[in-house]
Amino acid sequence: MVAPNLPDYTSFTSAFSWEKEKSGLSGLPDGQGLNIAYEAIDRHATGELRNHTAFRFIKKDLSVMQCSYHDFMELTNRFANVLSELSITKGDRVFSFLGRMPELYFSALGTLKKAAVFCPLFNVFGPEPIFQRLSRGDAKVLITTKDLFEKKVRQLLERLPGLKFVLLTDIDKDENEKIRSLPRMMEQASDEFSIPPTNPEDPALLHFTSGTTGMPKGALHVHKAVLVHYVTGKYVLDFHPDDIYWCTADPGWVTGTSYGIIAPLVNGVTNVVDEEEFDATRWYSILEKQKVNIWYTAPTAIRRLMRMNIKPGEQYKLENLRLMLSVGEPLHADAVIWSEKMFGMPFLDNWWQTETGGIMIANYRAMQVKPGSMGKPLPGVEAAIAEVTDESLTIIDEPNRDGHLVLKRGWPSMFRTYLHEEERYNKCFRGDWYITGDLAKKDADGYYWFVGRADDIIKTSGHMVGPFEVESALMEHPAVAEAAVIGKPDQLIGEVVKAFIVLKPDQKADDNLKMDITAHARRRLGPAVAPKEIAFIDNLPKTRSGKILRRLLKARELGLPEGDLSTLEQP
Ligand code: AMP
């Protein structure tokens, strides 16, 4: 097995500098700046990796379409020329509303070549969330399919005067000046394109993150972020030449862009893209047939795999798999232990968020894993636990104390604003520190442990209870498949802990089981923290990216307004 790129965390971190790592990028020729698309494609396509496979697109029927770095350079050049034809210039916003098909990937990088800003939308949004994002994001161009356009977009056109062009991936002729045929334009465009000078601080990507209430927030990222994509690809995802890598996230979420497009290409590996949604046997057979070496997925999928009666290590030939990683939600210790049993290696948890643009805290291949911990800060990133008030921030030095997870400003992929919401952006900072909105603790060995979103914390009988701790204990019960807890206002003790539990398929939801789970939770957590109420439900409400929406459970429980539900997954 190849040696890890990061062999020793402590010595590597103390010697780390962003400046030094920059030498792994090329920069635009003739000192013309830094452009994500050049780092991801052109420098490989014009060098040794010219004929290397950049993408393997897996279709619904499991057939595979391969695309080399050189072919992908030509496609992205053509797309950049299509944008020129439409007089799109630097900083203009180009949106996609597509499934995971080649057009999504070449339009993303073609847009970046043009130094315009790309914003991918998840293809199951309904008309209103699409409208909100296109209008708040000042979209000039939208790329979509005829079907999605007719069902969800045409009705919005009158309300979107700034949207100048809609490029449809599957019509042969233009409908009019505005609604055009992408295949026709691609065919007529030249496959040569020269990337304009790009400042590392030029905007590149726009990602909407769901606000807890009200409007989605648009986090804006710049070209310089590519340094974090490169570094995390190398040291967290541990990319080596000839690796075959699969990130299961959709580019509609930041993981699917940072790690489903940019990081693997910048590091010159082969990127597997599956057009279909989760399906356990399909996923295992993709790992086997595509001989995947590195697999990046999310706890929601891992929990679903855990529920199935499949032993992947025995039933599939997975000898090429070297590394498995998880992001997006807390990865319970249970899941880490399960993966060690099933695959002979642990899922490595890592933490980051839309605003950070790339992985900030991680378990590294060569580092000992403490199941349930998010790991240690990325070399070059300073993290801390702090007490935060409206005006001040005080770092907590003592180990194992809960507090706000904060990051020292200045890592290259830090978001540069919330679109049209400068004040909201400024509120995320106290001096040099960025407040992530998550609570965590750091142990004496420097490992970080997730406690919960600050918004989800429960205050009960003078205790601050993180949902993760309670949910982890509940998930240890053999009947429990998934759990989410909330705080319910209570006159006597502030809030009572209420748990919503999804049972494993063969379990009977009755009072005996409720009592058994309660007893287990009390043993594990003590009576003050264990749930006082338990409800069995069929499904937990989740975002389409797989995050449990505790605030929605709470709103429903209390009969409060449900807030922005544009990212809610429909069961
Ligand atoms: P988003 O910006 O939508 O990607 O959501 C980011 C949020 O997801 C973080 O602020 C955390 O609350 C949660 N999250 C992501 N990764 C992890 C992780 N490894 N452990 C715990 N929570 C996580």
# chains A, B, ... in the order shown; residues from 1 in each chain; ligands from 1
call {"tool": "residues_near_ligand", "arguments": {"ligand": "ligand 1", "cutoff": "6 Å", "atoms": "only C-alpha atoms and all ligand atoms", "output": "PyMOL selection string"}}
result
chain A and resi 209+327-330+349-354+374+438+450+453
call {"tool": "select_by_dssp", "arguments": {"residues": "region 130-205 of chain A", "states": "strand (DSSP E or B)", "output": "JSON list (two decimals) with N, CA, C and O atoms, in the first residue's frame"}}
result
[["chain", "number", "residue", "atom", "x", "y", "z"],
["A", 139, "ALA", "N", -28.63, 35.85, -11.27],
["A", 139, "ALA", "CA", -28.25, 34.94, -12.35],
["A", 139, "ALA", "C", -28.41, 35.58, -13.72],
["A", 139, "ALA", "O", -29.44, 36.21, -13.99],
["A", 140, "LYS", "N", -27.40, 35.43, -14.57],
["A", 140, "LYS", "CA", -27.51, 35.91, -15.95],
["A", 140, "LYS", "C", -27.76, 34.76, -16.91],
["A", 140, "LYS", "O", -28.40, 34.90, -17.93],
["A", 141, "VAL", "N", -27.16, 33.60, -16.56],
["A", 141, "VAL", "CA", -27.31, 32.43, -17.44],
["A", 141, "VAL", "C", -27.75, 31.25, -16.58],
["A", 141, "VAL", "O", -27.26, 31.09, -15.46],
["A", 142, "LEU", "N", -28.64, 30.43, -17.12],
["A", 142, "LEU", "CA", -29.02, 29.19, -16.44],
["A", 142, "LEU", "C", -28.87, 28.04, -17.44],
["A", 142, "LEU", "O", -29.34, 28.15, -18.57],
["A", 143, "ILE", "N", -28.24, 26.97, -17.00],
["A", 143, "ILE", "CA", -28.12, 25.77, -17.84],
["A", 143, "ILE", "C", -29.00, 24.70, -17.23],
["A", 143, "ILE", "O", -28.87, 24.40, -16.03],
["A", 144, "THR", "N", -29.90, 24.16, -18.01],
["A", 144, "THR", "CA", -30.78, 23.12, -17.48],
["A", 144, "THR", "C", -31.27, 22.22, -18.62],
["A", 144, "THR", "O", -30.86, 22.40, -19.77],
["A", 165, "PHE", "N", -30.16, 34.45, -20.37],
["A", 165, "PHE", "CA", -30.12, 33.27, -21.25],
["A", 165, "PHE", "C", -30.41, 31.99, -20.48],
["A", 165, "PHE", "O", -29.95, 31.83, -19.35],
["A", 166, "VAL", "N", -31.17, 31.11, -21.14],
["A", 166, "VAL", "CA", -31.37, 29.77, -20.61],
["A", 166, "VAL", "C", -30.80, 28.81, -21.66],
["A", 166, "VAL", "O", -31.26, 28.82, -22.82],
["A", 167, "LEU", "N", -29.81, 28.03, -21.27],
["A", 167, "LEU", "CA", -29.21, 27.08, -22.23],
["A", 167, "LEU", "C", -29.73, 25.69, -21.91],
["A", 167, "LEU", "O", -29.51, 25.18, -20.81],
["A", 168, "LEU", "N", -30.45, 25.11, -22.88],
["A", 168, "LEU", "CA", -31.03, 23.78, -22.65],
["A", 168, "LEU", "C", -30.11, 22.71, -23.23],
["A", 168, "LEU", "O", -29.62, 22.85, -24.36],
["A", 179, "ILE", "N", -33.80, 31.55, -25.08],
["A", 179, "ILE", "CA", -33.75, 30.11, -24.77],
["A", 179, "ILE", "C", -33.02, 29.40, -25.91],
["A", 179, "ILE", "O", -33.53, 29.27, -27.02],
["A", 180, "ARG", "N", -31.82, 28.97, -25.59],
["A", 180, "ARG", "CA", -30.95, 28.48, -26.66],
["A", 180, "ARG", "C", -30.60, 27.01, -26.49],
["A", 180, "ARG", "O", -30.72, 26.45, -25.40],
["A", 181, "SER", "N", -30.10, 26.46, -27.60],
["A", 181, "SER", "CA", -29.68, 25.06, -27.59],
["A", 181, "SER", "C", -28.20, 25.00, -27.20],
["A", 181, "SER", "O", -27.33, 25.51, -27.92],
["A", 198, "THR", "N", -6.58, 36.26, -13.98],
["A", 198, "THR", "CA", -7.52, 36.05, -12.87],
["A", 198, "THR", "C", -6.82, 36.36, -11.57],
["A", 198, "THR", "O", -5.77, 35.76, -11.27],
["A", 203, "PRO", "N", -14.05, 36.49, -7.42],
["A", 203, "PRO", "CA", -15.09, 35.52, -7.05],
["A", 203, "PRO", "C", -15.17, 34.37, -8.05],
["A", 203, "PRO", "O", -14.99, 34.59, -9.26],
["A", 204, "ALA", "N", -15.43, 33.17, -7.54],
["A", 204, "ALA", "CA", -15.45, 31.99, -8.40],
["A", 204, "ALA", "C", -16.73, 31.18, -8.22],
["A", 204, "ALA", "O", -17.35, 30.75, -9.19],
["A", 205, "LEU", "N", -17.12, 30.95, -6.97],
["A", 205, "LEU", "CA", -18.22, 30.02, -6.69],
["A", 205, "LEU", "C", -19.19, 30.63, -5.70],
["A", 205, "LEU", "O", -18.77, 31.30, -4.75]]
call {"tool": "closest_atom_pairs", "arguments": {"of": "region 343-395 of chain A", "to": "region 225-233 of chain A", "cutoff": "10 Å", "atoms": "only C-alpha atoms", "output": "Markdown table"}}
result
| residue | atom | partner | partner_atom | distance |
| --- | --- | --- | --- | --- |
| A:Thr356 | CA | A:Ala225 | CA | 9.3 |
| A:Gly357 | CA | A:Ala225 | CA | 6.9 |
| A:Gly358 | CA | A:Val228 | CA | 6.2 |
| A:Ile359 | CA | A:Thr232 | CA | 6.5 |
| A:Met360 | CA | A:Thr232 | CA | 8.6 |
| A:Ala362 | CA | A:Thr232 | CA | 9.4 |
| A:Leu378 | CA | A:Thr232 | CA | 7.8 |
| A:Pro379 | CA | A:Val231 | CA | 9.2 |
| A:Gly380 | CA | A:Val228 | CA | 9.7 |
call {"tool": "closest_residue", "arguments": {"among": "A:Met215, A:Leu305, A:Val381, A:Val269", "to": "Arg50 (chain A)", "atoms": "only C-alpha atoms"}}
result
A:Val269
call {"tool": "select_by_dssp", "arguments": {"residues": "region 439-530 of chain A", "states": "helix (DSSP H, G or I)", "output": "ChimeraX atom specification"}}
result
/A:454-456,467-475,511-525
call {"tool": "closest_residue", "arguments": {"among": "A:Met464, A:Cys428, A:Ile385, A:Val480", "to": "Gly446 (chain A)", "atoms": "only C-alpha atoms"}}
result
A:Ile385
call {"tool": "residues_around", "arguments": {"residues": "Arg401 (chain A)", "least_positions_apart": "5", "cutoff": "9 Å", "atoms": "only C-alpha atoms", "output": "list in words"}}
result
Ile385, Ile396, Ala440, Lys441, Lys442 and Asp443 of chain A
call {"tool": "residues_around", "arguments": {"residues": "Leu439 (chain A)", "least_positions_apart": "3", "cutoff": "7 Å", "atoms": "only C-alpha atoms", "output": "number ranges by chain"}}
result
A: 402-405, 450-454
call {"tool": "residues_around", "arguments": {"residues": "Arg100 (chain A)", "least_positions_apart": "4", "cutoff": "10 Å", "atoms": "only C-alpha atoms", "output": "ChimeraX atom specification"}}
result
/A:57-59,104-105,122-123,249-252,256,273-277
call {"tool": "write_last_selection", "arguments": {"atoms": "all heavy atoms", "output": "short mmCIF file (atom, residue, chain, number, x, y, z; two decimals), in the first residue's frame"}}
result
data_model
loop_
_atom_site.label_atom_id
_atom_site.label_comp_id
_atom_site.auth_asym_id
_atom_site.auth_seq_id
_atom_site.Cartn_x
_atom_site.Cartn_y
_atom_site.Cartn_z
N PHE A 57 -18.15 8.94 -15.92
CA PHE A 57 -19.56 9.22 -15.65
C PHE A 57 -20.34 7.91 -15.72
O PHE A 57 -20.34 7.24 -16.76
CB PHE A 57 -20.12 10.20 -16.67
CG PHE A 57 -19.52 11.58 -16.57
CD1 PHE A 57 -18.57 12.01 -17.49
CD2 PHE A 57 -19.89 12.43 -15.54
CE1 PHE A 57 -18.01 13.28 -17.39
CE2 PHE A 57 -19.34 13.71 -15.45
CZ PHE A 57 -18.39 14.14 -16.37
N ILE A 58 -20.99 7.55 -14.62
CA ILE A 58 -21.76 6.31 -14.60
C ILE A 58 -23.23 6.63 -14.83
O ILE A 58 -23.84 7.39 -14.09
CB ILE A 58 -21.57 5.58 -13.27
CG1 ILE A 58 -20.07 5.35 -13.08
CG2 ILE A 58 -22.35 4.27 -13.23
CD1 ILE A 58 -19.70 4.66 -11.83
N LYS A 59 -23.75 6.04 -15.89
CA LYS A 59 -25.15 6.31 -16.27
C LYS A 59 -26.08 5.43 -15.44
O LYS A 59 -25.64 4.49 -14.78
CB LYS A 59 -25.35 5.95 -17.74
CG LYS A 59 -24.42 6.72 -18.66
CD LYS A 59 -25.19 7.87 -19.22
CE LYS A 59 -24.32 8.75 -20.05
NZ LYS A 59 -24.69 10.14 -19.99
N LEU A 104 -23.06 19.41 -16.43
CA LEU A 104 -22.89 20.12 -15.16
C LEU A 104 -21.40 20.37 -14.91
O LEU A 104 -20.98 21.45 -14.51
CB LEU A 104 -23.51 19.28 -14.02
CG LEU A 104 -23.16 19.65 -12.58
CD1 LEU A 104 -23.45 21.11 -12.28
CD2 LEU A 104 -23.96 18.79 -11.61
N TYR A 105 -20.60 19.35 -15.19
CA TYR A 105 -19.18 19.43 -14.85
C TYR A 105 -18.42 20.34 -15.82
O TYR A 105 -17.59 21.13 -15.41
CB TYR A 105 -18.59 18.01 -14.78
CG TYR A 105 -19.22 17.26 -13.62
CD1 TYR A 105 -20.49 16.67 -13.73
CD2 TYR A 105 -18.60 17.22 -12.38
CE1 TYR A 105 -21.10 16.06 -12.64
CE2 TYR A 105 -19.20 16.61 -11.29
CZ TYR A 105 -20.45 16.03 -11.42
OH TYR A 105 -21.05 15.44 -10.35
N PHE A 122 -29.27 22.25 -6.84
CA PHE A 122 -29.65 20.84 -6.78
C PHE A 122 -30.91 20.61 -7.63
O PHE A 122 -31.84 21.41 -7.55
CB PHE A 122 -29.89 20.47 -5.33
CG PHE A 122 -29.98 19.00 -5.07
CD1 PHE A 122 -29.14 18.12 -5.72
CD2 PHE A 122 -30.88 18.51 -4.15
CE1 PHE A 122 -29.21 16.76 -5.47
CE2 PHE A 122 -30.96 17.15 -3.90
CZ PHE A 122 -30.12 16.28 -4.56
N ASN A 123 -30.93 19.53 -8.40
CA ASN A 123 -31.96 19.44 -9.45
C ASN A 123 -33.34 19.02 -8.96
O ASN A 123 -34.24 18.86 -9.77
CB ASN A 123 -31.49 18.53 -10.58
CG ASN A 123 -31.54 17.08 -10.18
OD1 ASN A 123 -31.57 16.76 -8.99
ND2 ASN A 123 -31.53 16.20 -11.15
N ALA A 249 -21.32 13.08 -3.13
CA ALA A 249 -22.13 14.29 -2.96
C ALA A 249 -22.50 14.93 -4.30
O ALA A 249 -21.75 14.85 -5.26
CB ALA A 249 -21.38 15.30 -2.11
N ASP A 250 -23.66 15.59 -4.31
CA ASP A 250 -24.09 16.33 -5.51
C ASP A 250 -23.46 17.73 -5.48
O ASP A 250 -23.41 18.36 -4.42
CB ASP A 250 -25.62 16.46 -5.48
CG ASP A 250 -26.14 17.05 -6.77
OD1 ASP A 250 -26.13 18.30 -6.91
OD2 ASP A 250 -26.53 16.26 -7.65
N PRO A 251 -23.01 18.22 -6.64
CA PRO A 251 -22.42 19.58 -6.65
C PRO A 251 -23.39 20.68 -6.23
O PRO A 251 -22.97 21.81 -6.00
CB PRO A 251 -21.99 19.75 -8.12
CG PRO A 251 -21.77 18.36 -8.61
CD PRO A 251 -22.82 17.53 -7.91
N GLY A 252 -24.68 20.37 -6.11
CA GLY A 252 -25.62 21.34 -5.54
C GLY A 252 -25.29 21.71 -4.10
O GLY A 252 -25.78 22.69 -3.58
N GLY A 256 -20.00 18.52 -3.03
CA GLY A 256 -19.99 18.00 -4.39
C GLY A 256 -19.23 18.88 -5.37
O GLY A 256 -18.87 18.43 -6.46
N VAL A 273 -18.28 9.73 -11.14
CA VAL A 273 -19.53 10.47 -10.89
C VAL A 273 -20.69 9.52 -11.19
O VAL A 273 -20.77 8.99 -12.30
CB VAL A 273 -19.64 11.69 -11.83
CG1 VAL A 273 -21.01 12.36 -11.66
CG2 VAL A 273 -18.52 12.69 -11.57
N ASP A 274 -21.54 9.30 -10.21
CA ASP A 274 -22.71 8.45 -10.45
C ASP A 274 -23.95 9.33 -10.61
O ASP A 274 -24.24 10.16 -9.76
CB ASP A 274 -22.90 7.47 -9.28
CG ASP A 274 -24.07 6.53 -9.51
OD1 ASP A 274 -24.42 6.30 -10.69
OD2 ASP A 274 -24.65 6.03 -8.52
N GLU A 275 -24.66 9.09 -11.72
CA GLU A 275 -25.83 9.88 -12.03
C GLU A 275 -26.99 9.60 -11.07
O GLU A 275 -27.84 10.44 -10.85
CB GLU A 275 -26.25 9.47 -13.45
CG GLU A 275 -27.02 10.48 -14.21
CD GLU A 275 -27.26 9.97 -15.63
OE1 GLU A 275 -26.33 10.03 -16.45
OE2 GLU A 275 -28.38 9.49 -15.90
N GLU A 276 -27.00 8.39 -10.49
CA GLU A 276 -28.15 7.95 -9.69
C GLU A 276 -28.03 8.33 -8.22
O GLU A 276 -26.94 8.65 -7.74
CB GLU A 276 -28.25 6.42 -9.78
CG GLU A 276 -28.99 5.96 -11.00
CD GLU A 276 -30.49 6.20 -10.90
OE1 GLU A 276 -31.12 5.67 -9.97
OE2 GLU A 276 -31.02 6.93 -11.74
N GLU A 277 -29.17 8.22 -7.54
CA GLU A 277 -29.18 8.47 -6.10
C GLU A 277 -28.78 7.21 -5.34
O GLU A 277 -28.53 6.17 -5.91
CB GLU A 277 -30.58 8.93 -5.67
CG GLU A 277 -31.02 10.25 -6.29
CD GLU A 277 -29.97 11.35 -6.14
OE1 GLU A 277 -29.43 11.50 -5.03
OE2 GLU A 277 -29.68 12.04 -7.13
#
call {"tool": "residues_around", "arguments": {"residues": "His44 (chain A)", "least_positions_apart": "6", "cutoff": "8 Å", "atoms": "only C-alpha atoms", "output": "list in words"}}
result
Arg50, Tyr69, His70 and Gly268 of chain A
call {"tool": "write_last_selection", "arguments": {"atoms": "N, CA, C and O atoms", "output": "tab-separated table (two decimals), in the first residue's frame"}}
result
chain	number	residue	atom	x	y	z
A	50	ARG	N	-2.35	14.33	-20.05
A	50	ARG	CA	-3.20	14.61	-21.21
A	50	ARG	C	-4.24	13.51	-21.48
A	50	ARG	O	-5.42	13.78	-21.64
A	69	TYR	N	-8.40	14.14	-19.48
A	69	TYR	CA	-8.14	15.55	-19.14
A	69	TYR	C	-8.13	16.41	-20.41
A	69	TYR	O	-8.64	17.52	-20.41
A	70	HIS	N	-7.55	15.86	-21.49
A	70	HIS	CA	-7.49	16.65	-22.71
A	70	HIS	C	-8.89	16.89	-23.29
A	70	HIS	O	-9.24	18.01	-23.66
A	268	GLY	N	-5.07	15.67	-10.04
A	268	GLY	CA	-4.79	14.82	-11.21
A	268	GLY	C	-5.25	13.38	-11.12
A	268	GLY	O	-4.69	12.50	-11.77
call {"tool": "closest_residue", "arguments": {"among": "A:Leu86, A:Ala384, A:Ala528, A:Met65", "to": "Lys178 (chain A)", "atoms": "only C-alpha atoms"}}
result
A:Leu86
call {"tool": "atom_distance", "arguments": {"atom1": "CA of Lys90 (chain A)", "atom2": "CA of Ser258 (chain A)"}}
result
20.8 Å
call {"tool": "closest_residue", "arguments": {"among": "A:Val222, A:Leu34, A:Ile261, A:Leu160", "to": "Phe55 (chain A)", "atoms": "only C-alpha atoms"}}
result
A:Ile261
call {"tool": "atom_distance", "arguments": {"atom1": "CA of Gly313 (chain A)", "atom2": "CA of Leu287 (chain A)"}}
result
11.2 Å
call {"tool": "residues_around", "arguments": {"residues": "Lys370 (chain A)", "least_positions_apart": "4", "cutoff": "12 Å", "atoms": "only C-alpha atoms", "output": "number ranges by chain"}}
result
A: 331-334, 336-337, 346-349, 362-364, 374-376, 443, 445-449
call {"tool": "atom_distance", "arguments": {"atom1": "CA of Val2 (chain A)", "atom2": "CA of His240 (chain A)"}}
result
8.0 Å
call {"tool": "closest_residue", "arguments": {"among": "A:Ile294, A:Pro216, A:Trp283, A:Thr300", "to": "Gly563 (chain A)", "atoms": "only C-alpha atoms"}}
result
A:Pro216
